[in-house]
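Asks: Structure file final_10.cif, mmCIF, C-alpha atoms, is pasted below:
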```cif
data_model
#
loop_
_atom_site.label_atom_id
_atom_site.label_comp_id
_atom_site.auth_asym_id
_atom_site.auth_seq_id
_atom_site.Cartn_x
_atom_site.Cartn_y
_atom_site.Cartn_z
CA MET Y 117 -18.21 3.51 -4.70
CA PRO Y 118 -15.15 1.53 -5.86
CA PHE Y 119 -14.93 0.03 -9.30
CA PRO Y 120 -16.13 -3.62 -9.44
CA ASP Y 121 -12.70 -5.01 -10.38
CA VAL Y 122 -10.92 -3.17 -7.53
CA GLN Y 123 -10.43 -5.23 -4.38
CA ILE Y 124 -10.58 -3.20 -1.19
CA ASP Y 125 -8.74 -4.88 1.68
CA ARG Y 126 -9.66 -3.03 4.85
CA GLU Y 127 -7.92 -5.59 7.07
CA LYS Y 128 -4.61 -5.12 5.26
CA HIS Y 129 -5.13 -1.35 5.35
CA ALA Y 130 -5.65 -1.45 9.12
CA LYS Y 131 -2.55 -3.62 9.52
CA ILE Y 132 -0.45 -1.17 7.49
CA LYS Y 133 -1.74 1.76 9.55
CA TYR Y 134 -0.95 -0.15 12.76
CA LEU Y 135 2.56 -1.08 11.62
CA LEU Y 136 3.23 2.51 10.56
CA ASP Y 137 2.13 3.64 14.01
CA LEU Y 138 4.48 1.11 15.64
CA ALA Y 139 7.26 2.48 13.46
CA GLY Y 140 6.44 5.99 14.69
CA SER Y 141 4.99 7.03 11.37
CA SER Y 142 1.66 7.63 9.64
CA PHE Y 143 0.11 8.04 6.20
CA SER Y 144 0.61 11.80 6.62
CA ASP Y 145 4.31 11.39 7.42
CA LEU Y 146 4.81 9.06 4.48
CA ALA Y 147 2.85 11.35 2.17
CA SER Y 148 4.92 14.34 3.23
CA SER Y 149 8.18 12.51 2.58
CA LEU Y 150 6.97 11.57 -0.92
CA SER Y 151 5.35 14.96 -1.69
CA LEU Y 152 1.96 13.28 -2.05
CA SER Y 153 -1.36 13.58 -0.27
CA PRO Y 154 -2.27 11.25 2.60
CA SER Y 155 -5.29 10.15 0.57
CA THR Y 156 -2.93 8.86 -2.14
CA ILE Y 157 -1.10 6.72 0.41
CA SER Y 158 -4.41 5.52 1.82
CA SER Y 159 -5.72 4.66 -1.63
CA VAL Y 160 -2.71 2.45 -2.34
CA SER Y 161 -2.95 0.84 1.09
CA LEU Y 162 -6.64 0.05 0.53
CA GLY Y 163 -5.97 -1.37 -2.91
CA ARG Y 164 -7.97 1.30 -4.72
CA SER Y 165 -4.94 2.35 -6.74
CA ARG Y 166 -1.42 1.18 -7.42
CA SER Y 167 1.86 2.99 -7.15
CA ARG Y 168 5.17 1.16 -7.17
CA ARG Y 169 6.75 4.16 -5.42
CA VAL Y 170 4.17 4.21 -2.62
CA GLU Y 171 4.17 0.43 -2.21
CA LYS Y 172 7.96 0.47 -1.85
CA ALA Y 173 7.87 3.37 0.63
CA ILE Y 174 5.25 1.66 2.80
CA SER Y 175 7.20 -1.58 2.71
CA GLU Y 176 10.46 0.10 3.69
CA ARG Y 177 8.87 2.19 6.42
CA ILE Y 178 7.22 -0.78 8.17
CA GLY Y 179 9.92 -3.34 7.39
CA VAL Y 180 7.67 -5.82 5.61
CA PRO Y 181 8.59 -7.01 2.09
CA GLU Y 182 6.34 -5.80 -0.71
CA SER Y 183 5.82 -9.40 -1.78
CA GLU Y 184 4.31 -10.11 1.64
CA LEU Y 185 2.08 -7.02 1.67
CA TRP Y 186 0.84 -7.34 -1.90
CA PRO Y 187 1.53 -10.88 -3.17
CA GLU Y 188 -1.10 -10.46 -5.88
CA ARG Y 189 0.65 -7.35 -7.19
CA MET Y 190 4.01 -9.07 -7.21
CA ALA Y 191 2.47 -11.91 -9.25
CA ASP Y 192 1.29 -9.29 -11.77
CA LYS Y 193 4.84 -7.96 -12.06
CA SER Y 194 6.33 -11.41 -12.69
CA GLU Y 195 3.70 -12.04 -15.39
CA ASP Y 196 4.61 -8.75 -17.04
CA ALA Y 197 8.28 -9.77 -17.07
CA ALA Y 198 7.54 -13.12 -18.74
#
```
Could you spell out this file's structure in structure tokens?
Replies:
Amino acid sequence: MPFPDVQIDREKHAKIKYLLDLAGSSFSDLASSLSLSPSTISSVSLGRSRSRRVEKAISERIGVPESELWPERMADKSEDAA
């Protein structure tokens, strides 16, 4: 069961999986290229965990800006910079 403060976004997760498929890729492909497990990629995609490296790799692979995929995470980063 996820932690109460963690927001799981299954719709976004499905969209990312779909866009990866359209790009001829998958969580497994991405994980292999980053020397990570597919479950790590899935966890970031679902919103269960955060990884700047994984977020960037997903974004680059599907051609969608990180700020569009995770606007709430980008807001966190701008608050940290302030």
Asks: Taking the file as shown, find all residues satisfying the PyMOL selection byres ((chain Y and resi 176) around 12) and write them as an MDAnalysis selection string.
Replies: chainID Y and resid 132 135:136 139 141 146 169:175 177:183 185
Asks: For the selection just defined, write its residues with C-alpha atoms to a file, as a PDB file, in the coordinates of the input.
Replies:
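As a result, out_36.pdb now contains:
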```pdb
ATOM      1  CA  ILE Y 132      -0.450  -1.170   7.490  1.00  0.00           C
ATOM      2  CA  LEU Y 135       2.560  -1.080  11.620  1.00  0.00           C
ATOM      3  CA  LEU Y 136       3.230   2.510  10.560  1.00  0.00           C
ATOM      4  CA  ALA Y 139       7.260   2.480  13.460  1.00  0.00           C
ATOM      5  CA  SER Y 141       4.990   7.030  11.370  1.00  0.00           C
ATOM      6  CA  LEU Y 146       4.810   9.060   4.480  1.00  0.00           C
ATOM      7  CA  ARG Y 169       6.750   4.160  -5.420  1.00  0.00           C
ATOM      8  CA  VAL Y 170       4.170   4.210  -2.620  1.00  0.00           C
ATOM      9  CA  GLU Y 171       4.170   0.430  -2.210  1.00  0.00           C
ATOM     10  CA  LYS Y 172       7.960   0.470  -1.850  1.00  0.00           C
ATOM     11  CA  ALA Y 173       7.870   3.370   0.630  1.00  0.00           C
ATOM     12  CA  ILE Y 174       5.250   1.660   2.800  1.00  0.00           C
ATOM     13  CA  SER Y 175       7.200  -1.580   2.710  1.00  0.00           C
ATOM     14  CA  ARG Y 177       8.870   2.190   6.420  1.00  0.00           C
ATOM     15  CA  ILE Y 178       7.220  -0.780   8.170  1.00  0.00           C
ATOM     16  CA  GLY Y 179       9.920  -3.340   7.390  1.00  0.00           C
ATOM     17  CA  VAL Y 180       7.670  -5.820   5.610  1.00  0.00           C
ATOM     18  CA  PRO Y 181       8.590  -7.010   2.090  1.00  0.00           C
ATOM     19  CA  GLU Y 182       6.340  -5.800  -0.710  1.00  0.00           C
ATOM     20  CA  SER Y 183       5.820  -9.400  -1.780  1.00  0.00           C
ATOM     21  CA  LEU Y 185       2.080  -7.020   1.670  1.00  0.00           C
TER      22      LEU Y 185
END
```
Asks: Measuring atom to atom with only C-alpha atoms, identify which of Y:Trp186, Y:Lys128, Y:Gln123, Y:Leu138 is nearest to Y:Gly163.
Replies: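 So, comparing all the options, the nearest one is Y:Gln123.
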Asks: Care to translate the PyMOL selection byres ((chain Y and resi 155) around 12) into actual residues of this file, as a list in words?
Replies: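 Expected selection for the PyMOL selection byres ((chain Y and resi 155) around 12) here is Ser142, Phe143, Ser144, Asp145, Leu146, Ala147, Ser148, Ser151, Leu152, Ser153, Pro154, Thr156, Ile157, Ser158, Ser159, Val160, Ser161, Leu162, Arg164, Ser165 and Val170 of chain Y.
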Asks: Assuming 8 Å of padding per side, give the centre and edge lengths of the axis-aligned box around every listed atom of stretch 157-165 of chain Y, in Å to one decimal and as JSON.
Replies:
```
{"center_x": -4.5, "center_y": 2.7, "center_z": -2.5, "size_x": 22.9, "size_y": 24.1, "size_z": 24.6}
```
Asks: When you draw a straight line from atom CA of Y:Glu188 to atom CA of Y:Arg166, how long is it in Å?
Replies: 11.7 Å
